>>> print(open('upload-v4.cif').read())   # mmCIF, C-alpha atoms
data_input
#
loop_
_atom_site.label_atom_id
_atom_site.label_comp_id
_atom_site.auth_asym_id
_atom_site.auth_seq_id
_atom_site.Cartn_x
_atom_site.Cartn_y
_atom_site.Cartn_z
CA MET A 234 122.84 -102.35 -114.85
CA GLU A 235 123.47 -100.64 -111.53
CA LYS A 236 122.28 -97.35 -112.92
CA GLU A 237 119.13 -99.08 -114.14
CA ILE A 238 118.36 -100.55 -110.73
CA LYS A 239 119.02 -97.21 -109.07
CA ASP A 240 116.46 -95.60 -111.37
CA LYS A 241 113.98 -98.32 -110.47
CA ILE A 242 114.56 -97.63 -106.79
CA LEU A 243 113.92 -93.92 -107.31
CA THR A 244 110.73 -94.73 -109.19
CA VAL A 245 109.45 -97.07 -106.49
CA LEU A 246 110.24 -94.45 -103.85
CA GLN A 247 107.59 -92.27 -105.51
CA THR A 248 105.07 -94.75 -104.09
CA VAL A 249 106.32 -94.33 -100.52
CA LYS A 250 104.16 -91.61 -99.01
CA ASP A 251 104.33 -89.63 -95.81
CA PRO A 252 101.95 -91.60 -93.55
CA GLU A 253 100.54 -88.32 -92.26
CA ILE A 254 100.19 -86.69 -95.69
CA PRO A 255 99.30 -89.59 -98.00
CA SER A 256 99.35 -87.49 -101.17
CA VAL A 257 103.07 -86.69 -101.02
CA SER A 258 105.96 -89.07 -101.56
CA VAL A 259 109.23 -89.04 -99.65
CA ILE A 260 110.92 -87.96 -102.88
CA ASP A 261 108.59 -84.98 -103.31
CA LEU A 262 109.12 -83.98 -99.71
CA GLY A 263 112.84 -83.82 -100.39
CA MET A 264 113.57 -86.43 -97.74
CA ILE A 265 115.77 -88.62 -99.94
CA GLU A 266 119.36 -87.43 -100.07
CA SER A 267 120.94 -90.35 -101.91
CA VAL A 268 120.38 -93.86 -103.20
CA HIS A 269 123.19 -96.31 -103.62
CA TYR A 270 123.12 -99.79 -105.13
CA GLU A 271 125.84 -102.39 -105.27
CA SER A 272 125.61 -106.16 -105.75
CA GLY A 273 122.18 -106.68 -104.30
CA ILE A 274 122.42 -104.14 -101.50
CA ALA A 275 120.51 -100.87 -101.61
CA THR A 276 121.42 -98.05 -99.26
CA VAL A 277 119.17 -95.04 -98.86
CA LYS A 278 120.20 -91.91 -97.03
CA ALA A 279 117.14 -90.02 -95.84
CA LEU A 280 116.64 -86.73 -94.01
CA PRO A 281 114.09 -86.47 -91.19
CA THR A 282 111.89 -83.41 -91.52
CA PHE A 283 111.64 -82.88 -87.76
CA MET A 284 113.78 -84.60 -85.12
CA GLY A 285 110.87 -85.84 -83.06
CA CYS A 286 108.72 -86.94 -86.00
CA PRO A 287 106.98 -90.14 -84.88
CA ALA A 288 106.45 -91.23 -88.48
CA LEU A 289 110.16 -91.82 -89.12
CA GLU A 290 110.16 -95.51 -88.20
CA ILE A 291 107.08 -96.14 -90.35
CA ILE A 292 108.66 -94.29 -93.28
CA LYS A 293 111.82 -96.34 -92.88
CA LYS A 294 109.85 -99.58 -92.87
CA ASN A 295 107.86 -98.52 -95.93
CA ILE A 296 111.01 -97.58 -97.85
CA VAL A 297 112.53 -100.97 -97.06
CA SER A 298 109.48 -102.97 -98.09
CA ALA A 299 108.95 -100.95 -101.29
CA ILE A 300 112.53 -101.50 -102.48
CA MET A 301 112.52 -105.18 -101.43
CA GLU A 302 109.73 -105.72 -103.97
CA LEU A 303 112.17 -104.99 -106.80
CA GLU A 304 114.20 -107.68 -108.53
CA ASP A 305 117.90 -108.08 -107.73
CA ILE A 306 117.54 -106.65 -104.24
CA GLN A 307 118.79 -108.74 -101.34
CA SER A 308 118.83 -106.17 -98.59
CA VAL A 309 117.97 -102.54 -97.98
CA GLN A 310 119.52 -100.20 -95.48
CA VAL A 311 117.94 -96.86 -94.61
CA ASP A 312 120.01 -94.35 -92.66
CA PHE A 313 118.60 -91.09 -91.33
CA ILE A 314 121.22 -88.37 -91.56
CA TYR A 315 121.17 -84.73 -90.42
CA SER A 316 123.64 -83.23 -92.82
CA PRO A 317 122.54 -81.64 -95.03
CA PRO A 318 119.61 -80.72 -92.79
CA TRP A 319 116.13 -81.00 -94.28
CA THR A 320 114.76 -77.57 -95.14
CA SER A 321 111.32 -76.81 -96.50
CA ASP A 322 112.72 -75.54 -99.82
CA ARG A 323 113.63 -79.16 -100.62
CA ILE A 324 109.97 -79.88 -101.38
CA THR A 325 109.60 -80.30 -105.15
CA ASP A 326 107.14 -78.38 -107.33
CA GLU A 327 105.21 -81.62 -107.71
CA GLY A 328 105.23 -81.97 -103.92
CA ARG A 329 103.90 -78.45 -103.48
CA GLU A 330 100.99 -79.22 -105.80
CA ARG A 331 100.24 -82.51 -104.03
CA LEU A 332 100.24 -80.75 -100.65
CA LYS A 333 97.63 -78.30 -101.90
CA GLU A 334 95.50 -81.21 -103.13
CA PHE A 335 95.50 -82.51 -99.59
CA GLY A 336 94.43 -79.11 -98.25
CA ILE A 337 97.86 -78.15 -96.94
CA ALA A 338 99.51 -74.95 -98.12
CA PRO A 339 103.11 -75.52 -99.22
CA PRO A 340 105.80 -73.88 -97.09
CA PRO A 341 105.23 -70.13 -97.37
CA VAL A 342 107.78 -67.53 -98.19
CA PHE A 343 109.52 -66.53 -95.01
CA PHE A 344 110.62 -62.93 -94.72
CA GLU A 345 113.67 -63.03 -92.52
CA GLU A 346 113.68 -59.32 -91.70
CA THR A 347 110.18 -59.23 -90.29
CA GLY A 348 109.62 -62.88 -89.40
CA MET A 349 106.33 -62.68 -91.34
CA TRP A 350 105.00 -65.34 -93.66
CA LYS A 351 102.88 -65.02 -96.75
CA VAL A 352 100.54 -67.98 -97.08
CA ASP A 353 97.92 -68.41 -99.78
CA CYS A 354 94.82 -70.49 -99.08
CA PRO A 355 95.21 -73.96 -100.66
CA TYR A 356 91.47 -74.03 -101.47
CA CYS A 357 90.71 -70.66 -103.06
CA GLY A 358 94.20 -69.20 -103.54
CA SER A 359 93.39 -66.04 -101.60
CA GLY A 360 96.16 -64.32 -99.71
CA TYR A 361 93.67 -63.04 -97.14
CA THR A 362 94.66 -65.54 -94.45
CA THR A 363 95.53 -65.43 -90.77
CA LEU A 364 97.90 -67.58 -88.74
CA GLU A 365 95.98 -69.24 -85.91
CA ASN A 366 98.76 -71.38 -84.45
CA ILE A 367 102.35 -71.82 -85.61
CA PHE A 368 102.13 -75.34 -84.21
CA GLY A 369 99.72 -77.79 -85.79
CA PRO A 370 98.66 -81.43 -85.63
CA THR A 371 102.15 -82.55 -86.63
CA ALA A 372 105.54 -80.99 -85.97
CA CYS A 373 105.94 -79.78 -89.56
CA ARG A 374 102.57 -78.04 -89.92
CA SER A 375 100.83 -74.86 -88.75
CA ILE A 376 97.14 -73.98 -88.50
CA LEU A 377 95.72 -71.07 -90.51
CA TYR A 378 92.35 -69.62 -91.49
CA CYS A 379 91.19 -68.22 -94.81
CA LYS A 380 89.08 -65.10 -94.43
CA SER A 381 87.95 -65.29 -98.07
CA CYS A 382 86.50 -68.79 -98.30
CA LYS A 383 86.17 -69.24 -94.51
CA ASN A 384 88.08 -72.50 -94.45
CA PRO A 385 90.55 -73.45 -91.77
CA PHE A 386 93.64 -75.02 -93.31
CA GLU A 387 97.17 -76.12 -92.56
CA ALA A 388 100.51 -75.01 -93.97
CA MET A 389 103.92 -76.62 -93.93
CA LYS A 390 106.20 -74.56 -91.68
CA PRO A 391 109.00 -72.72 -93.43
CA ILE A 392 112.23 -74.27 -92.18
CA SER A 393 115.57 -72.76 -93.08
CA THR A 394 119.12 -72.85 -91.79
CA LEU A 395 118.97 -69.04 -91.57
CA MET A 396 116.71 -69.30 -88.52
CA MET B 66 141.14 -77.01 -83.38
CA THR B 67 141.07 -80.57 -84.66
CA ILE B 68 137.79 -81.71 -86.12
CA VAL B 69 136.67 -85.13 -84.98
CA HIS B 70 134.59 -86.66 -87.73
CA ASP B 71 132.86 -89.62 -86.11
CA ALA B 72 132.48 -91.83 -83.06
CA LEU B 73 135.32 -94.08 -84.17
CA GLU B 74 137.74 -91.16 -84.12
CA ALA B 75 136.37 -89.83 -80.85
CA LYS B 76 136.92 -93.18 -79.18
CA GLN B 77 140.62 -93.06 -79.98
CA ASN B 78 141.15 -90.24 -77.51
CA ASP B 79 140.00 -91.11 -73.99
CA GLU B 80 140.07 -87.56 -72.69
CA TYR B 81 138.12 -86.26 -75.64
CA ARG B 82 135.51 -89.01 -75.41
CA LYS B 83 135.06 -88.31 -71.72
CA ALA B 84 134.55 -84.56 -72.18
CA LEU B 85 132.24 -85.13 -75.15
CA SER B 86 130.08 -87.63 -73.31
CA GLU B 87 129.83 -85.30 -70.32
CA LEU B 88 128.45 -82.57 -72.58
CA LEU B 89 126.10 -84.94 -74.40
CA PHE B 90 124.65 -86.26 -71.16
CA GLN B 91 123.96 -82.70 -69.98
CA LEU B 92 122.29 -81.74 -73.26
CA ALA B 93 120.28 -84.97 -73.42
CA ASP B 94 119.15 -85.00 -69.81
CA ASP B 95 118.14 -81.31 -69.87
CA ASP B 96 115.95 -81.79 -72.93
CA PHE B 97 114.61 -85.12 -71.69
CA ILE B 98 113.27 -83.84 -68.38
CA THR B 99 112.08 -80.58 -69.96
CA ALA B 100 110.04 -82.53 -72.51
CA TYR B 101 108.68 -84.76 -69.75
CA ARG B 102 107.57 -81.88 -67.54
CA GLY B 103 106.04 -80.28 -70.61
CA SER B 104 104.16 -83.46 -71.50
CA GLU B 105 102.48 -83.34 -68.08
CA TRP B 106 100.59 -80.28 -69.33
CA LEU B 107 98.84 -82.31 -72.02
CA GLY B 108 95.13 -81.59 -71.74
CA LEU B 109 95.76 -79.03 -69.01
CA ALA B 110 97.27 -76.12 -70.96
CA PRO B 111 95.40 -72.79 -70.71
CA HIS B 112 93.56 -73.23 -74.01
CA ILE B 113 93.31 -75.71 -76.87
CA GLU B 114 95.68 -73.88 -79.23
CA GLU B 115 98.29 -73.93 -76.51
CA ASP B 116 97.69 -77.61 -75.88
CA ILE B 117 98.51 -78.30 -79.54
CA ALA B 118 101.52 -76.01 -79.59
CA TYR B 119 103.01 -77.21 -76.33
CA SER B 120 102.65 -80.90 -77.19
CA SER B 121 104.32 -80.26 -80.53
CA ILE B 122 107.18 -78.49 -78.77
CA ASN B 123 107.54 -81.35 -76.29
CA GLN B 124 107.60 -83.88 -79.09
CA ASP B 125 110.40 -81.93 -80.80
CA THR B 126 112.29 -81.55 -77.53
CA MET B 127 112.07 -85.27 -76.80
CA GLY B 128 113.42 -85.77 -80.34
CA HIS B 129 116.36 -83.55 -79.43
CA ALA B 130 117.08 -85.61 -76.32
CA ALA B 131 116.84 -88.76 -78.44
CA ILE B 132 119.48 -87.60 -80.90
CA TYR B 133 121.91 -86.76 -78.08
CA TYR B 134 121.31 -90.21 -76.55
CA GLN B 135 121.92 -91.74 -79.99
CA LEU B 136 125.23 -89.92 -80.24
CA LEU B 137 126.12 -91.41 -76.83
CA GLU B 138 125.08 -94.84 -78.04
CA GLN B 139 127.49 -94.48 -80.97
CA LEU B 140 130.23 -93.64 -78.49
CA GLY B 141 129.67 -96.95 -76.72
CA PHE B 142 127.53 -95.93 -73.76
CA GLY B 143 124.82 -98.51 -74.42
CA PRO B 144 121.42 -98.30 -76.11
CA ALA B 145 119.78 -94.86 -76.26
CA ASP B 146 116.56 -96.18 -74.71
CA ALA B 147 118.44 -97.49 -71.69
CA LEU B 148 120.30 -94.20 -71.31
CA ALA B 149 117.01 -92.33 -71.28
CA HIS B 150 115.06 -94.68 -69.03
CA SER B 151 117.23 -96.71 -66.74
CA ARG B 152 120.06 -94.52 -65.50
CA PRO B 153 119.75 -93.94 -61.75
CA VAL B 154 119.03 -90.47 -60.37
CA HIS B 155 122.59 -89.72 -59.26
CA GLU B 156 123.90 -90.29 -62.81
CA ARG B 157 121.55 -87.71 -64.33
CA LYS B 158 123.16 -84.45 -65.39
CA ASN B 159 120.14 -82.19 -65.89
CA ALA B 160 119.86 -78.86 -64.09
CA ILE B 161 117.69 -79.08 -60.96
CA ILE B 162 115.31 -76.27 -61.93
CA LEU B 163 114.23 -78.34 -64.94
CA GLU B 164 113.20 -81.32 -62.82
CA GLU B 165 111.06 -79.32 -60.41
CA VAL B 166 107.36 -80.24 -60.52
CA ASN B 167 105.01 -77.98 -62.50
CA GLY B 168 103.13 -77.24 -59.30
CA PRO B 169 101.24 -79.03 -56.54
CA GLY B 170 99.22 -82.15 -57.29
CA THR B 171 99.83 -84.81 -59.92
CA TYR B 172 98.73 -85.25 -63.50
CA LEU B 173 95.83 -87.47 -62.47
CA GLU B 174 94.95 -85.93 -59.14
CA GLU B 175 94.31 -82.23 -58.75
CA PRO B 176 97.09 -80.91 -60.96
CA ARG B 177 97.35 -77.33 -59.70
CA TYR B 178 100.16 -76.52 -62.09
CA ASP B 179 101.62 -73.04 -62.33
CA TRP B 180 101.51 -71.66 -65.87
CA ALA B 181 103.59 -68.60 -65.00
CA PHE B 182 106.37 -70.84 -63.67
CA THR B 183 106.15 -72.98 -66.81
CA VAL B 184 106.36 -69.98 -69.14
CA VAL B 185 109.34 -68.48 -67.31
CA ARG B 186 111.21 -71.78 -66.96
CA ASN B 187 110.71 -72.71 -70.61
CA TYR B 188 111.52 -69.26 -71.91
CA PHE B 189 114.77 -68.89 -69.99
CA TYR B 190 115.77 -72.46 -70.73
CA ASP B 191 115.06 -72.14 -74.46
CA LEU B 192 116.85 -68.81 -74.60
CA TYR B 193 120.00 -70.41 -73.24
CA LYS B 194 119.52 -73.54 -75.31
CA LYS B 195 119.54 -71.37 -78.45
CA ILE B 196 122.78 -69.70 -77.34
CA LYS B 197 124.35 -73.10 -76.74
CA LEU B 198 123.13 -74.44 -80.10
CA GLU B 199 124.65 -71.49 -81.95
CA SER B 200 127.95 -72.37 -80.33
CA LEU B 201 127.54 -76.11 -80.92
CA LYS B 202 127.18 -75.47 -84.64
CA ASN B 203 130.95 -74.97 -84.54
CA SER B 204 131.68 -77.92 -82.27
CA SER B 205 134.85 -79.89 -82.88
CA TYR B 206 132.71 -83.04 -82.89
CA GLU B 207 131.20 -83.04 -86.35
CA PRO B 208 128.12 -85.23 -85.65
CA LEU B 209 127.21 -82.89 -82.78
CA ALA B 210 127.71 -79.79 -84.95
CA GLN B 211 125.41 -81.29 -87.58
CA ALA B 212 122.76 -82.19 -85.02
CA ALA B 213 122.93 -78.63 -83.67
CA VAL B 214 122.18 -77.14 -87.10
CA LYS B 215 119.13 -79.36 -87.33
CA ILE B 216 117.89 -78.80 -83.78
CA ASN B 217 118.45 -75.07 -84.02
CA MET B 218 115.91 -74.73 -86.85
CA GLU B 219 113.22 -76.22 -84.62
CA GLN B 220 114.39 -74.24 -81.62
CA TYR B 221 113.65 -71.02 -83.51
CA TYR B 222 109.92 -71.71 -83.23
CA HIS B 223 110.07 -72.87 -79.62
CA LEU B 224 111.83 -69.73 -78.52
CA MET B 225 109.43 -67.51 -80.44
CA HIS B 226 106.54 -69.29 -78.75
CA TRP B 227 107.74 -68.79 -75.17
CA GLU B 228 108.87 -65.26 -75.87
CA THR B 229 105.33 -64.36 -76.91
CA TRP B 230 103.86 -65.78 -73.69
CA PHE B 231 106.56 -64.21 -71.56
CA ARG B 232 106.15 -60.72 -72.99
CA GLN B 233 102.37 -60.72 -73.01
CA LEU B 234 101.96 -61.98 -69.46
CA THR B 235 104.73 -59.85 -68.01
CA LEU B 236 103.53 -56.69 -69.75
CA SER B 237 99.96 -57.22 -68.60
CA GLY B 238 98.67 -56.02 -65.25
CA GLY B 239 96.99 -57.62 -62.29
CA GLU B 240 97.37 -61.25 -61.35
CA ALA B 241 99.34 -62.21 -64.48
CA LYS B 242 102.03 -59.65 -63.77
CA THR B 243 102.25 -60.54 -60.07
CA ARG B 244 102.53 -64.23 -60.80
CA MET B 245 105.12 -63.71 -63.53
CA VAL B 246 107.31 -61.65 -61.21
CA ARG B 247 107.02 -64.35 -58.55
CA ALA B 248 107.84 -67.08 -61.11
CA ILE B 249 110.88 -65.16 -62.35
CA GLU B 250 112.19 -64.93 -58.78
CA LYS B 251 111.65 -68.63 -58.26
CA VAL B 252 113.30 -69.74 -61.50
CA TRP B 253 116.15 -67.31 -60.99
CA GLU B 254 117.10 -68.80 -57.61
CA ASP B 255 118.18 -71.99 -59.36
CA PHE B 256 118.86 -70.95 -62.93
CA GLU B 257 122.63 -70.96 -62.47
CA GLY B 258 122.25 -74.75 -62.59
CA VAL B 259 121.27 -74.47 -66.26
CA LEU B 260 124.08 -72.05 -67.07
CA THR B 261 126.89 -74.14 -65.60
CA PHE B 262 128.69 -77.12 -67.07
CA GLY B 263 129.59 -78.40 -63.60
CA ALA B 264 132.93 -79.63 -62.29
CA VAL B 265 134.31 -80.63 -65.71
CA GLY B 266 133.18 -77.50 -67.56
CA GLY B 267 136.67 -76.35 -68.48
CA GLU B 268 137.37 -79.57 -70.35
CA LEU B 269 134.59 -78.89 -72.85
CA ALA B 270 136.04 -75.65 -74.19
CA LYS B 271 139.55 -77.07 -74.11
CA HIS B 272 138.53 -79.70 -76.65
CA GLY B 273 136.59 -77.21 -78.77
CA LEU B 274 133.29 -78.98 -78.07
CA ILE B 275 131.50 -75.75 -77.14
CA GLU B 276 132.64 -72.27 -76.14
CA GLY B 277 133.56 -71.52 -72.52
CA GLU B 278 130.95 -71.29 -69.78
CA GLU B 279 131.73 -67.66 -68.95
CA LEU B 280 131.40 -66.52 -72.54
CA LEU B 281 128.04 -68.25 -73.02
CA LYS B 282 126.77 -66.90 -69.70
CA LYS B 283 127.77 -63.39 -70.72
CA ARG B 284 125.72 -63.74 -73.90
CA PHE B 285 122.76 -64.98 -71.88
CA TYR B 286 122.92 -62.15 -69.33
CA SER B 287 123.16 -59.46 -71.98
CA LYS B 288 120.10 -60.94 -73.68
CA ILE B 289 118.22 -61.10 -70.37
CA LYS B 290 119.17 -57.52 -69.59
CA LEU B 291 117.66 -56.37 -72.88
CA ILE B 292 114.46 -58.36 -72.39
CA PHE B 293 113.99 -57.20 -68.81
CA GLU B 294 114.34 -53.61 -70.03
CA GLN B 295 111.67 -54.21 -72.64
CA VAL B 296 109.20 -55.65 -70.13
CA GLN B 297 110.07 -52.90 -67.63
CA LEU B 298 111.59 -55.08 -64.94
CA PRO B 299 114.77 -54.21 -63.03
CA GLU B 300 117.87 -56.01 -64.24
CA PRO B 301 118.25 -59.21 -62.20
CA ALA B 302 121.28 -60.01 -60.08
CA PRO B 303 123.28 -63.09 -61.14
CA SER B 304 121.17 -66.23 -60.76
CA GLY B 305 121.68 -68.81 -58.02
CA MET B 306 121.95 -72.54 -57.49
CA LYS B 307 119.93 -72.90 -54.30
CA SER B 308 118.98 -76.56 -54.68
CA GLY B 309 122.36 -77.88 -55.77
CA ASN B 310 124.26 -78.62 -58.97
CA GLY B 311 122.55 -81.19 -61.18
CA ARG B 312 125.60 -81.34 -63.46
CA ASN B 313 127.44 -83.01 -60.57
CA GLY B 314 124.68 -85.55 -59.99
CA GLU B 315 122.85 -83.69 -57.22
CA HIS B 316 119.08 -84.02 -57.54
CA THR B 317 115.78 -83.79 -55.70
CA GLU B 318 112.86 -86.09 -54.94
CA ASP B 319 111.07 -84.45 -57.89
CA LEU B 320 113.44 -86.10 -60.36
CA LYS B 321 113.23 -89.44 -58.58
CA SER B 322 109.46 -89.58 -58.79
CA ALA B 323 109.44 -88.27 -62.38
CA LEU B 324 111.83 -91.03 -63.47
CA GLU B 325 109.74 -93.64 -61.69
CA VAL B 326 106.65 -92.58 -63.60
CA LEU B 327 108.23 -92.09 -67.00
CA SER B 328 110.25 -95.32 -66.97
CA GLU B 329 107.45 -97.51 -65.64
CA VAL B 330 106.63 -99.03 -69.02
CA TYR B 331 110.28 -99.42 -69.96
CA ARG B 332 111.07 -101.21 -66.72
CA SER B 333 108.18 -103.61 -67.16
CA ASP B 334 109.29 -104.45 -70.72
CA PRO B 335 112.71 -103.12 -71.77
CA SER B 336 112.25 -104.43 -75.32
CA ALA B 337 109.13 -102.33 -75.92
CA VAL B 338 109.55 -99.76 -78.69
CA TRP B 339 110.11 -96.23 -77.38
#
>>> encode(input="upload-v4.cif", output="structure tokens")
Amino acid sequence: MEKEIKDKILTVLQTVKDPEIPSVSVIDLGMIESVHYESGIATVKALPTFMGCPALEIIKKNIVSAIMELEDIQSVQVDFIYSPPWTSDRITDEGRERLKEFGIAPPPVFFEETGMWKVDCPYCGSGYTTLENIFGPTACRSILYCKSCKNPFEAMKPISTLM
Amino acid sequence: MTIVHDALEAKQNDEYRKALSELLFQLADDDFITAYRGSEWLGLAPHIEEDIAYSSINQDTMGHAAIYYQLLEQLGFGPADALAHSRPVHERKNAIILEEVNGPGTYLEEPRYDWAFTVVRNYFYDLYKKIKLESLKNSSYEPLAQAAVKINMEQYYHLMHWETWFRQLTLSGGEAKTRMVRAIEKVWEDFEGVLTFGAVGGELAKHGLIEGEELLKKRFYSKIKLIFEQVQLPEPAPSGMKSGNGRNGEHTEDLKSALEVLSEVYRSDPSAVW
């Protein structure tokens, strides 16, 4: 029974999207660390992508209201935790595809030795791209330009504990 | 070294809680005022890409201050919002150089801000912040160590950003070079205020919260020496603390007026969402 409800919670969390990237769910972003259910009370431990992300409160509210829709739920608690820290390799394969659909390149490979990234254009797939600004419209994104299809685009920043 | 796992445990040892809160207030207040001064550049940065980058950095940095204030809240020091907005000037622990105005004028009226000063101040501050974060990753207070791992990943990009500005402007000729040299002198006169932990500094290392002040300073100076060599500047003498020690609650009019502006909304409605 509890296992069943937990599965339902995980399924409904697929409908909770990042308010700033509406094609990707909090599950696909790797933000959900654990889900716990016991006698009517659901507890979700979530990882913020960036510390100053202004969307956190909205995400929290959306998680709560999505789970409250389910049967057998009396209350929902969402805690943001920092350990383990969120890193960009937590994004699922599904999440990487959804990011591309939205015109955002998934987190590129980060070469530690040189500090260089390799980012393919999310529109045409070309690797002939340049980094315009490491910082983008949100804390987790950068601004790039594709020299093949001449589109500006964004990429998720690579974030790793090795940095 | 005994690991302290949470606020509950920390509260059982008065001495430990006191040393820990001292450190947290310094970390929080430094980041808080740095993010505020940075936010005053919004719309005024040298070009649009920089405007985007700098506001992103300030948003992160304010997030860092917020997590330190939250850790203080858990230790029983009252709500994080109140800690950020309503503590009087003499209770603030930030270094004085970080509170200094960006330049003459105000955000709304003739802001003649000094970009060279901003680049130098941010670069040196972020350089030392990174050194402190590396040490905090091994803090005896587990929640702080975890926060440091998280903050450090964001700090990587901040430091890279200011390093690029610092090198390019300092290695250029003409006005840029002259102004950078002048800004370095100005920041240096008070930078010791960032490097010190103030009167209670010894307590922090004793409890394993962070490594000793002298050790961290040594790391900073050897890094600075290397960078100054690379940009062909003579190695600087030890920095000073001309305007006083912010860690001990000494501050200037600049902080007073900054706090008045930034807490205006909070004071008019303390229940407003931060």
>>> residues_around(input="upload-v4.cif", residues="Pro391 (chain A)", least_positions_apart="3", cutoff="8 Å", atoms="all atoms listed in the file", output="PyMOL selection string")
chain A and resi 320-322+340-343
>>> interface_residues(input="upload-v4.cif", of="chain B", to="chain A", cutoff="8 Å", atoms="all atoms listed in the file", output="tab-separated table (two decimals) with C-alpha atoms, keeping the file's coordinate frame")
chain	number	residue	atom	x	y	z
B	114	GLU	CA	95.68	-73.88	-79.23
B	117	ILE	CA	98.51	-78.30	-79.54
B	118	ALA	CA	101.52	-76.01	-79.59
B	121	SER	CA	104.32	-80.26	-80.53
B	122	ILE	CA	107.18	-78.49	-78.77
B	124	GLN	CA	107.60	-83.88	-79.09
B	125	ASP	CA	110.40	-81.93	-80.80
B	126	THR	CA	112.29	-81.55	-77.53
B	127	MET	CA	112.07	-85.27	-76.80
B	128	GLY	CA	113.42	-85.77	-80.34
B	129	HIS	CA	116.36	-83.55	-79.43
B	132	ILE	CA	119.48	-87.60	-80.90
B	211	GLN	CA	125.41	-81.29	-87.58
B	212	ALA	CA	122.76	-82.19	-85.02
B	214	VAL	CA	122.18	-77.14	-87.10
B	215	LYS	CA	119.13	-79.36	-87.33
B	216	ILE	CA	117.89	-78.80	-83.78
B	217	ASN	CA	118.45	-75.07	-84.02
B	218	MET	CA	115.91	-74.73	-86.85
B	219	GLU	CA	113.22	-76.22	-84.62
B	221	TYR	CA	113.65	-71.02	-83.51
B	222	TYR	CA	109.92	-71.71	-83.23
>>> closest_residue(input="upload-v4.cif", among="A:Glu271, A:Glu327, A:Asp312, A:Glu235", to="Gln247 (chain A)", atoms="all atoms listed in the file")
A:Glu327
>>> residues_around(input="upload-v4.cif", residues="Val185 (chain B)", least_positions_apart="2", cutoff="8 Å", atoms="only C-alpha atoms", output="PyMOL selection string")
chain B and resi 181-183+187-189+231+245+248-249+252
>>> resolve_selection(input="upload-v4.cif", expression="the PyMOL selection byres ((chain B and resi 312) around 10)", output="PyMOL selection string")
chain B and resi 87-88+90-91+94-95+155-161+258-259+261-266+309-311+313-316
>>> closest_residue(input="upload-v4.cif", among="A:Glu346, A:Glu334, A:Glu387, A:Glu290", to="Ser256 (chain A)", atoms="all atoms listed in the file")
A:Glu334
>>> resolve_selection(input="upload-v4.cif", expression="the PyMOL selection byres ((chain B and resi 274) around 9)", output="list in words")
Ala84, Leu85, Leu88, Ser200, Leu201, Asn203, Ser204, Ser205, Tyr206, Leu209, Ala210, Glu268, Leu269, Ala270, Lys271, His272, Gly273, Ile275 and Glu276 of chain B
>>> atom_distance(input="upload-v4.cif", atom1="CA of Arg102 (chain B)", atom2="CA of Ser336 (chain B)")
24.3 Å
>>> residues_around(input="upload-v4.cif", residues="Val259 (chain A)", least_positions_apart="2", cutoff="9 Å", atoms="all atoms listed in the file", output="compact mmCIF listing (two decimals) with C-alpha atoms, in the coordinates of the input")
# COMPACT_ATOMS: atom_id res chain seq x y z
CA LEU A 246 110.24 -94.45 -103.85
CA GLN A 247 107.59 -92.27 -105.51
CA THR A 248 105.07 -94.75 -104.09
CA VAL A 249 106.32 -94.33 -100.52
CA LYS A 250 104.16 -91.61 -99.01
CA ASP A 251 104.33 -89.63 -95.81
CA VAL A 257 103.07 -86.69 -101.02
CA ASP A 261 108.59 -84.98 -103.31
CA LEU A 262 109.12 -83.98 -99.71
CA GLY A 263 112.84 -83.82 -100.39
CA MET A 264 113.57 -86.43 -97.74
CA ILE A 265 115.77 -88.62 -99.94
CA ALA A 279 117.14 -90.02 -95.84
CA ILE A 292 108.66 -94.29 -93.28
CA ILE A 296 111.01 -97.58 -97.85
>>> atom_distance(input="upload-v4.cif", atom1="CA of Asn167 (chain B)", atom2="CA of Ser151 (chain B)")
22.8 Å
>>> resolve_selection(input="upload-v4.cif", expression="the PyMOL selection byres ((chain B and resi 232-241) around 9)", output="list in words")
Ala181, Trp227, Glu228, Thr229, Trp230, Phe231, Lys242, Thr243, Arg244, Met245, Val246, Ile292, Gln295, Val296, Gln297 and Leu298 of chain B
>>> write_last_selection(input="upload-v4.cif", atoms="C-alpha atoms", output="mmCIF file, in the coordinates of the input")
data_model
loop_
_atom_site.group_PDB
_atom_site.id
_atom_site.type_symbol
_atom_site.label_atom_id
_atom_site.label_comp_id
_atom_site.auth_asym_id
_atom_site.auth_seq_id
_atom_site.Cartn_x
_atom_site.Cartn_y
_atom_site.Cartn_z
ATOM 1 C CA ALA B 181 103.590 -68.600 -65.000
ATOM 2 C CA TRP B 227 107.740 -68.790 -75.170
ATOM 3 C CA GLU B 228 108.870 -65.260 -75.870
ATOM 4 C CA THR B 229 105.330 -64.360 -76.910
ATOM 5 C CA TRP B 230 103.860 -65.780 -73.690
ATOM 6 C CA PHE B 231 106.560 -64.210 -71.560
ATOM 7 C CA LYS B 242 102.030 -59.650 -63.770
ATOM 8 C CA THR B 243 102.250 -60.540 -60.070
ATOM 9 C CA ARG B 244 102.530 -64.230 -60.800
ATOM 10 C CA MET B 245 105.120 -63.710 -63.530
ATOM 11 C CA VAL B 246 107.310 -61.650 -61.210
ATOM 12 C CA ILE B 292 114.460 -58.360 -72.390
ATOM 13 C CA GLN B 295 111.670 -54.210 -72.640
ATOM 14 C CA VAL B 296 109.200 -55.650 -70.130
ATOM 15 C CA GLN B 297 110.070 -52.900 -67.630
ATOM 16 C CA LEU B 298 111.590 -55.080 -64.940
#
>>> closest_residue(input="upload-v4.cif", among="A:Leu280, A:Ile254, A:Val352, A:Cys382", to="Leu332 (chain A)", atoms="only C-alpha atoms")
A:Ile254
